[in-house]
Amino acid sequence: MTGLRVAIADDHAVVRTGYRRLLELEPNVSVVAEFADCETAYTWLSANHADILILDLSMPGRGGLETLRRLKARVPTLKVLVFSMHGAPAMVSQAMQAGADGYLTKSSAPEALIAAVLDLGAGGQPLSEEAVRALGEAGNDSQAPHQVLSLREFQVFTMLAQGLAVDEIAARLCVSAKTVANYQTAIRQKTGLSNALEMFRYARTHALLE
């Protein structure tokens, strides 16, 4: 196998350093870039080559899910391995729908990250045991209200559930407040949740928040 060019997107510098040191023990892997926020990752990867991106979902800016969607549309050859603390069925399902090529939870053993990167490089679809279980549960819960939300609606929903105001969400997503308000209306209609407190309680019950 030729050398794999890997980029890392995680907002914790200590975590990125640990990933880099671990991956560079593998002779066929080189870490070519690190990112602390989503927009920097998107800009760099749109203009430079990497084979694999290791992506945390809890990232500043537009967030990991939106960045994943944008990158797969812009650079379809890029393989994206989500490596996240989120193991909830809805989060894993949303990430795979957004185009993730693999999913590992951060509770996985260190060697699992190396194995997943090599598997992706060979054309596989690495999934941790937690991710496989979560996808199965998501399928069983396919009629739950949050499952009918689009990717962007789900993203706005989680922000509303965290107590963010419409203007704050608009700034993070780089869209107008009116657009966010329209998403908010659609979310209320689809889920039957009428305010932020109800959304918070629902999201907490279904493990949709950090």
# chains A, B, ... in the order shown; residues from 1 in each chain; ligands from 1

call {"tool": "residues_around", "arguments": {"residues": "range 100-106 of chain A", "least_positions_apart": "6", "cutoff": "7 Å", "atoms": "only C-alpha atoms", "output": "PDB file with N, CA, C and O atoms, in the first residue's frame"}}
result
ATOM      1  N   LYS A  79     -11.855  10.332   2.176  1.00  0.00           N
ATOM      2  CA  LYS A  79     -12.478   9.405   3.114  1.00  0.00           C
ATOM      3  C   LYS A  79     -12.525  10.064   4.488  1.00  0.00           C
ATOM      4  O   LYS A  79     -11.528  10.626   4.947  1.00  0.00           O
ATOM      5  N   VAL A  80     -13.678   9.990   5.127  1.00  0.00           N
ATOM      6  CA  VAL A  80     -13.837  10.636   6.426  1.00  0.00           C
ATOM      7  C   VAL A  80     -14.152   9.589   7.498  1.00  0.00           C
ATOM      8  O   VAL A  80     -15.137   8.847   7.388  1.00  0.00           O
ATOM      9  N   LEU A  81     -13.284   9.547   8.497  1.00  0.00           N
ATOM     10  CA  LEU A  81     -13.481   8.669   9.650  1.00  0.00           C
ATOM     11  C   LEU A  81     -13.926   9.534  10.821  1.00  0.00           C
ATOM     12  O   LEU A  81     -13.156  10.360  11.309  1.00  0.00           O
ATOM     13  N   VAL A  82     -15.164   9.372  11.246  1.00  0.00           N
ATOM     14  CA  VAL A  82     -15.626  10.090  12.428  1.00  0.00           C
ATOM     15  C   VAL A  82     -15.077   9.381  13.655  1.00  0.00           C
ATOM     16  O   VAL A  82     -15.220   8.163  13.803  1.00  0.00           O
ATOM     17  N   PHE A  83     -14.428  10.143  14.528  1.00  0.00           N
ATOM     18  CA  PHE A  83     -13.860   9.610  15.766  1.00  0.00           C
ATOM     19  C   PHE A  83     -14.375  10.516  16.874  1.00  0.00           C
ATOM     20  O   PHE A  83     -13.847  11.597  17.106  1.00  0.00           O
ATOM     21  N   SER A  84     -15.441  10.091  17.530  1.00  0.00           N
ATOM     22  CA  SER A  84     -16.206  11.002  18.372  1.00  0.00           C
ATOM     23  C   SER A  84     -16.596  10.357  19.688  1.00  0.00           C
ATOM     24  O   SER A  84     -16.678   9.132  19.806  1.00  0.00           O
ATOM     25  N   MET A  85     -16.853  11.220  20.670  1.00  0.00           N
ATOM     26  CA  MET A  85     -17.379  10.744  21.945  1.00  0.00           C
ATOM     27  C   MET A  85     -18.845  10.329  21.815  1.00  0.00           C
ATOM     28  O   MET A  85     -19.371   9.609  22.645  1.00  0.00           O
ATOM     29  N   HIS A  86     -19.521  10.786  20.750  1.00  0.00           N
ATOM     30  CA  HIS A  86     -20.943  10.510  20.559  1.00  0.00           C
ATOM     31  C   HIS A  86     -21.161   9.079  20.081  1.00  0.00           C
ATOM     32  O   HIS A  86     -20.695   8.692  19.017  1.00  0.00           O
ATOM     33  N   GLY A  87     -21.905   8.313  20.866  1.00  0.00           N
ATOM     34  CA  GLY A  87     -22.247   6.960  20.454  1.00  0.00           C
ATOM     35  C   GLY A  87     -23.742   6.741  20.367  1.00  0.00           C
ATOM     36  O   GLY A  87     -24.193   5.616  20.158  1.00  0.00           O
ATOM     37  N   GLN A 125     -14.979  -0.127   5.436  1.00  0.00           N
ATOM     38  CA  GLN A 125     -15.852   0.791   6.163  1.00  0.00           C
ATOM     39  C   GLN A 125     -15.785   0.422   7.647  1.00  0.00           C
ATOM     40  O   GLN A 125     -16.626  -0.293   8.164  1.00  0.00           O
ATOM     41  N   PRO A 126     -14.785   0.929   8.351  1.00  0.00           N
ATOM     42  CA  PRO A 126     -14.600   0.553   9.755  1.00  0.00           C
ATOM     43  C   PRO A 126     -15.677   1.143  10.658  1.00  0.00           C
ATOM     44  O   PRO A 126     -15.989   2.329  10.582  1.00  0.00           O
ATOM     45  N   LEU A 127     -16.235   0.302  11.500  1.00  0.00           N
ATOM     46  CA  LEU A 127     -17.232   0.723  12.478  1.00  0.00           C
ATOM     47  C   LEU A 127     -16.900   0.067  13.813  1.00  0.00           C
ATOM     48  O   LEU A 127     -16.656  -1.142  13.866  1.00  0.00           O
ATOM     49  N   SER A 128     -16.873   0.859  14.873  1.00  0.00           N
ATOM     50  CA  SER A 128     -16.649   0.285  16.191  1.00  0.00           C
ATOM     51  C   SER A 128     -17.885  -0.509  16.604  1.00  0.00           C
ATOM     52  O   SER A 128     -18.963  -0.364  16.022  1.00  0.00           O
ATOM     53  N   GLU A 130     -19.635  -0.113  19.183  1.00  0.00           N
ATOM     54  CA  GLU A 130     -20.667   0.828  19.631  1.00  0.00           C
ATOM     55  C   GLU A 130     -21.424   1.413  18.450  1.00  0.00           C
ATOM     56  O   GLU A 130     -22.646   1.596  18.498  1.00  0.00           O
ATOM     57  N   ALA A 131     -20.699   1.708  17.360  1.00  0.00           N
ATOM     58  CA  ALA A 131     -21.336   2.289  16.179  1.00  0.00           C
ATOM     59  C   ALA A 131     -22.274   1.287  15.506  1.00  0.00           C
ATOM     60  O   ALA A 131     -23.377   1.646  15.080  1.00  0.00           O
TER      61      ALA A 131
END

call {"tool": "select_by_dssp", "arguments": {"residues": "range 41-170 of chain A", "states": "alpha helix (DSSP H)", "output": "PyMOL selection string"}}
result
chain A and resi 41-47+64-74+89-97+110-121+129-140+151-161+166-170

call {"tool": "residues_around", "arguments": {"residues": "Gln184 in chain A", "least_positions_apart": "2", "cutoff": "9 Å", "atoms": "only C-alpha atoms", "output": "ChimeraX atom specification"}}
result
/A:153,156-157,160,166,179-182,186-189

call {"tool": "closest_residue", "arguments": {"among": "A:Leu113, A:Ala98, A:Ala165, A:Leu209", "to": "Tyr19 in chain A", "atoms": "only C-alpha atoms"}}
result
A:Leu113

call {"tool": "closest_residue", "arguments": {"among": "A:Ala207, A:Ala177, A:Leu164, A:Leu151", "to": "Ala134 in chain A", "atoms": "only C-alpha atoms"}}
result
A:Ala207

call {"tool": "select_by_dssp", "arguments": {"residues": "range 41-168 of chain A", "states": "strand (DSSP E)", "output": "number ranges by chain"}}
result
A: 52-55, 79-84, 102-105

call {"tool": "write_last_selection", "arguments": {"atoms": "all heavy atoms", "output": "JSON list (two decimals), in the first residue's frame"}}
result
[["chain", "number", "residue", "atom", "x", "y", "z"],
["A", 52, "ILE", "N", -7.42, 10.70, 3.94],
["A", 52, "ILE", "CA", -8.36, 10.43, 5.03],
["A", 52, "ILE", "C", -8.39, 11.61, 5.99],
["A", 52, "ILE", "O", -7.35, 12.17, 6.35],
["A", 52, "ILE", "CB", -7.94, 9.15, 5.80],
["A", 52, "ILE", "CG1", -8.03, 7.92, 4.88],
["A", 52, "ILE", "CG2", -8.80, 8.96, 7.05],
["A", 52, "ILE", "CD1", -7.42, 6.67, 5.48],
["A", 53, "LEU", "N", -9.59, 11.96, 6.42],
["A", 53, "LEU", "CA", -9.77, 12.95, 7.48],
["A", 53, "LEU", "C", -10.34, 12.24, 8.70],
["A", 53, "LEU", "O", -11.37, 11.56, 8.61],
["A", 53, "LEU", "CB", -10.73, 14.06, 7.04],
["A", 53, "LEU", "CG", -11.20, 15.02, 8.14],
["A", 53, "LEU", "CD1", -10.02, 15.83, 8.69],
["A", 53, "LEU", "CD2", -12.32, 15.92, 7.66],
["A", 54, "ILE", "N", -9.69, 12.42, 9.84],
["A", 54, "ILE", "CA", -10.23, 11.96, 11.12],
["A", 54, "ILE", "C", -10.96, 13.15, 11.72],
["A", 54, "ILE", "O", -10.35, 14.18, 12.01],
["A", 54, "ILE", "CB", -9.12, 11.46, 12.05],
["A", 54, "ILE", "CG1", -8.40, 10.27, 11.43],
["A", 54, "ILE", "CG2", -9.69, 11.08, 13.42],
["A", 54, "ILE", "CD1", -7.16, 9.82, 12.20],
["A", 55, "LEU", "N", -12.27, 13.02, 11.90],
["A", 55, "LEU", "CA", -13.12, 14.16, 12.25],
["A", 55, "LEU", "C", -13.87, 13.95, 13.55],
["A", 55, "LEU", "O", -14.59, 12.95, 13.71],
["A", 55, "LEU", "CB", -14.12, 14.41, 11.11],
["A", 55, "LEU", "CG", -15.16, 15.50, 11.33],
["A", 55, "LEU", "CD1", -14.51, 16.88, 11.40],
["A", 55, "LEU", "CD2", -16.21, 15.46, 10.21],
["A", 79, "LYS", "N", -11.86, 10.33, 2.18],
["A", 79, "LYS", "CA", -12.48, 9.40, 3.11],
["A", 79, "LYS", "C", -12.52, 10.06, 4.49],
["A", 79, "LYS", "O", -11.53, 10.63, 4.95],
["A", 79, "LYS", "CB", -11.68, 8.10, 3.20],
["A", 79, "LYS", "CG", -11.53, 7.36, 1.88],
["A", 79, "LYS", "CD", -12.86, 6.83, 1.39],
["A", 79, "LYS", "CE", -12.69, 5.98, 0.13],
["A", 79, "LYS", "NZ", -13.98, 5.47, -0.37],
["A", 80, "VAL", "N", -13.68, 9.99, 5.13],
["A", 80, "VAL", "CA", -13.84, 10.64, 6.43],
["A", 80, "VAL", "C", -14.15, 9.59, 7.50],
["A", 80, "VAL", "O", -15.14, 8.85, 7.39],
["A", 80, "VAL", "CB", -14.95, 11.70, 6.40],
["A", 80, "VAL", "CG1", -15.10, 12.34, 7.78],
["A", 80, "VAL", "CG2", -14.65, 12.77, 5.35],
["A", 81, "LEU", "N", -13.28, 9.55, 8.50],
["A", 81, "LEU", "CA", -13.48, 8.67, 9.65],
["A", 81, "LEU", "C", -13.93, 9.53, 10.82],
["A", 81, "LEU", "O", -13.16, 10.36, 11.31],
["A", 81, "LEU", "CB", -12.19, 7.94, 10.00],
["A", 81, "LEU", "CG", -12.20, 7.12, 11.29],
["A", 81, "LEU", "CD1", -13.18, 5.94, 11.17],
["A", 81, "LEU", "CD2", -10.80, 6.61, 11.63],
["A", 82, "VAL", "N", -15.16, 9.37, 11.25],
["A", 82, "VAL", "CA", -15.63, 10.09, 12.43],
["A", 82, "VAL", "C", -15.08, 9.38, 13.66],
["A", 82, "VAL", "O", -15.22, 8.16, 13.80],
["A", 82, "VAL", "CB", -17.17, 10.15, 12.48],
["A", 82, "VAL", "CG1", -17.63, 10.73, 13.81],
["A", 82, "VAL", "CG2", -17.69, 10.98, 11.32],
["A", 83, "PHE", "N", -14.43, 10.14, 14.53],
["A", 83, "PHE", "CA", -13.86, 9.61, 15.77],
["A", 83, "PHE", "C", -14.37, 10.52, 16.87],
["A", 83, "PHE", "O", -13.85, 11.60, 17.11],
["A", 83, "PHE", "CB", -12.33, 9.62, 15.68],
["A", 83, "PHE", "CG", -11.66, 8.79, 16.74],
["A", 83, "PHE", "CD1", -12.07, 7.50, 17.02],
["A", 83, "PHE", "CD2", -10.58, 9.30, 17.46],
["A", 83, "PHE", "CE1", -11.45, 6.73, 17.99],
["A", 83, "PHE", "CE2", -9.95, 8.54, 18.42],
["A", 83, "PHE", "CZ", -10.37, 7.25, 18.69],
["A", 84, "SER", "N", -15.44, 10.09, 17.53],
["A", 84, "SER", "CA", -16.21, 11.00, 18.37],
["A", 84, "SER", "C", -16.60, 10.36, 19.69],
["A", 84, "SER", "O", -16.68, 9.13, 19.81],
["A", 84, "SER", "CB", -17.48, 11.44, 17.62],
["A", 84, "SER", "OG", -18.32, 12.20, 18.44],
["A", 102, "GLY", "N", -16.57, 5.83, 7.90],
["A", 102, "GLY", "CA", -16.33, 4.98, 9.05],
["A", 102, "GLY", "C", -16.66, 5.74, 10.31],
["A", 102, "GLY", "O", -16.73, 6.97, 10.30],
["A", 103, "TYR", "N", -16.86, 5.01, 11.41],
["A", 103, "TYR", "CA", -17.24, 5.67, 12.66],
["A", 103, "TYR", "C", -16.67, 4.88, 13.84],
["A", 103, "TYR", "O", -16.94, 3.70, 13.99],
["A", 103, "TYR", "CB", -18.76, 5.73, 12.78],
["A", 103, "TYR", "CG", -19.28, 6.73, 13.80],
["A", 103, "TYR", "CD1", -19.97, 7.86, 13.39],
["A", 103, "TYR", "CD2", -19.10, 6.54, 15.18],
["A", 103, "TYR", "CE1", -20.47, 8.79, 14.31],
["A", 103, "TYR", "CE2", -19.58, 7.46, 16.09],
["A", 103, "TYR", "CZ", -20.26, 8.58, 15.65],
["A", 103, "TYR", "OH", -20.73, 9.50, 16.56],
["A", 104, "LEU", "N", -15.88, 5.58, 14.64],
["A", 104, "LEU", "CA", -15.34, 5.01, 15.88],
["A", 104, "LEU", "C", -15.71, 5.93, 17.04],
["A", 104, "LEU", "O", -15.66, 7.15, 16.89],
["A", 104, "LEU", "CB", -13.81, 4.89, 15.82],
["A", 104, "LEU", "CG", -13.21, 3.56, 15.40],
["A", 104, "LEU", "CD1", -13.55, 3.26, 13.95],
["A", 104, "LEU", "CD2", -11.70, 3.57, 15.61],
["A", 105, "THR", "N", -16.05, 5.35, 18.16],
["A", 105, "THR", "CA", -16.23, 6.15, 19.36],
["A", 105, "THR", "C", -14.89, 6.26, 20.08],
["A", 105, "THR", "O", -14.02, 5.40, 19.94],
["A", 105, "THR", "CB", -17.26, 5.51, 20.30],
["A", 105, "THR", "OG1", -16.86, 4.17, 20.61],
["A", 105, "THR", "CG2", -18.64, 5.49, 19.64]]

call {"tool": "residues_around", "arguments": {"residues": "Leu22 in chain A", "least_positions_apart": "4", "cutoff": "10 Å", "atoms": "only C-alpha atoms", "output": "ChimeraX atom specification"}}
result
/A:16-18,26,110-111,113-114

call {"tool": "closest_atom_pairs", "arguments": {"of": "range 141-203 of chain A", "to": "range 59-75 of chain A", "cutoff": "10 Å", "atoms": "only C-alpha atoms", "output": "CSV"}}
result
residue,atom,partner,partner_atom,distance
A:Leu151,CA,A:Leu65,CA,7.8
A:Arg152,CA,A:Glu66,CA,7.4
A:Phe154,CA,A:Leu65,CA,9.6
A:Gln155,CA,A:Leu65,CA,7.6
A:Ile169,CA,A:Arg62,CA,9.0
A:Ala170,CA,A:Arg62,CA,9.7
A:Ala171,CA,A:Gly61,CA,8.7
A:Arg172,CA,A:Gly61,CA,5.3
A:Leu173,CA,A:Arg62,CA,4.9
A:Cys174,CA,A:Arg62,CA,7.7

call {"tool": "closest_residue", "arguments": {"among": "A:Ala116, A:Glu198, A:Ala144, A:Ser150", "to": "Gln97 in chain A", "atoms": "only C-alpha atoms"}}
result
A:Ser150

call {"tool": "atom_distance", "arguments": {"atom1": "CA of Thr158 in chain A", "atom2": "CA of Ala203 in chain A"}}
result
7.2 Å

call {"tool": "atom_distance", "arguments": {"atom1": "CA of Leu23 in chain A", "atom2": "CA of Arg5 in chain A"}}
result
10.7 Å

call {"tool": "closest_residue", "arguments": {"among": "A:Arg21, A:His146, A:His49, A:Arg133", "to": "Thr191 in chain A", "atoms": "only C-alpha atoms"}}
result
A:His146

call {"tool": "residues_around", "arguments": {"residues": "Val31 in chain A", "least_positions_apart": "6", "cutoff": "7 Å", "atoms": "only C-alpha atoms", "output": "list of chain:residue names"}}
result
A:Arg5, A:Val6, A:Ala7, A:Arg20, A:Glu24

call {"tool": "residues_around", "arguments": {"residues": "His206 in chain A", "least_positions_apart": "2", "cutoff": "9 Å", "atoms": "only C-alpha atoms", "output": "JSON, numbers by chain"}}
result
{"A": [88, 89, 90, 201, 202, 203, 204, 208, 209]}
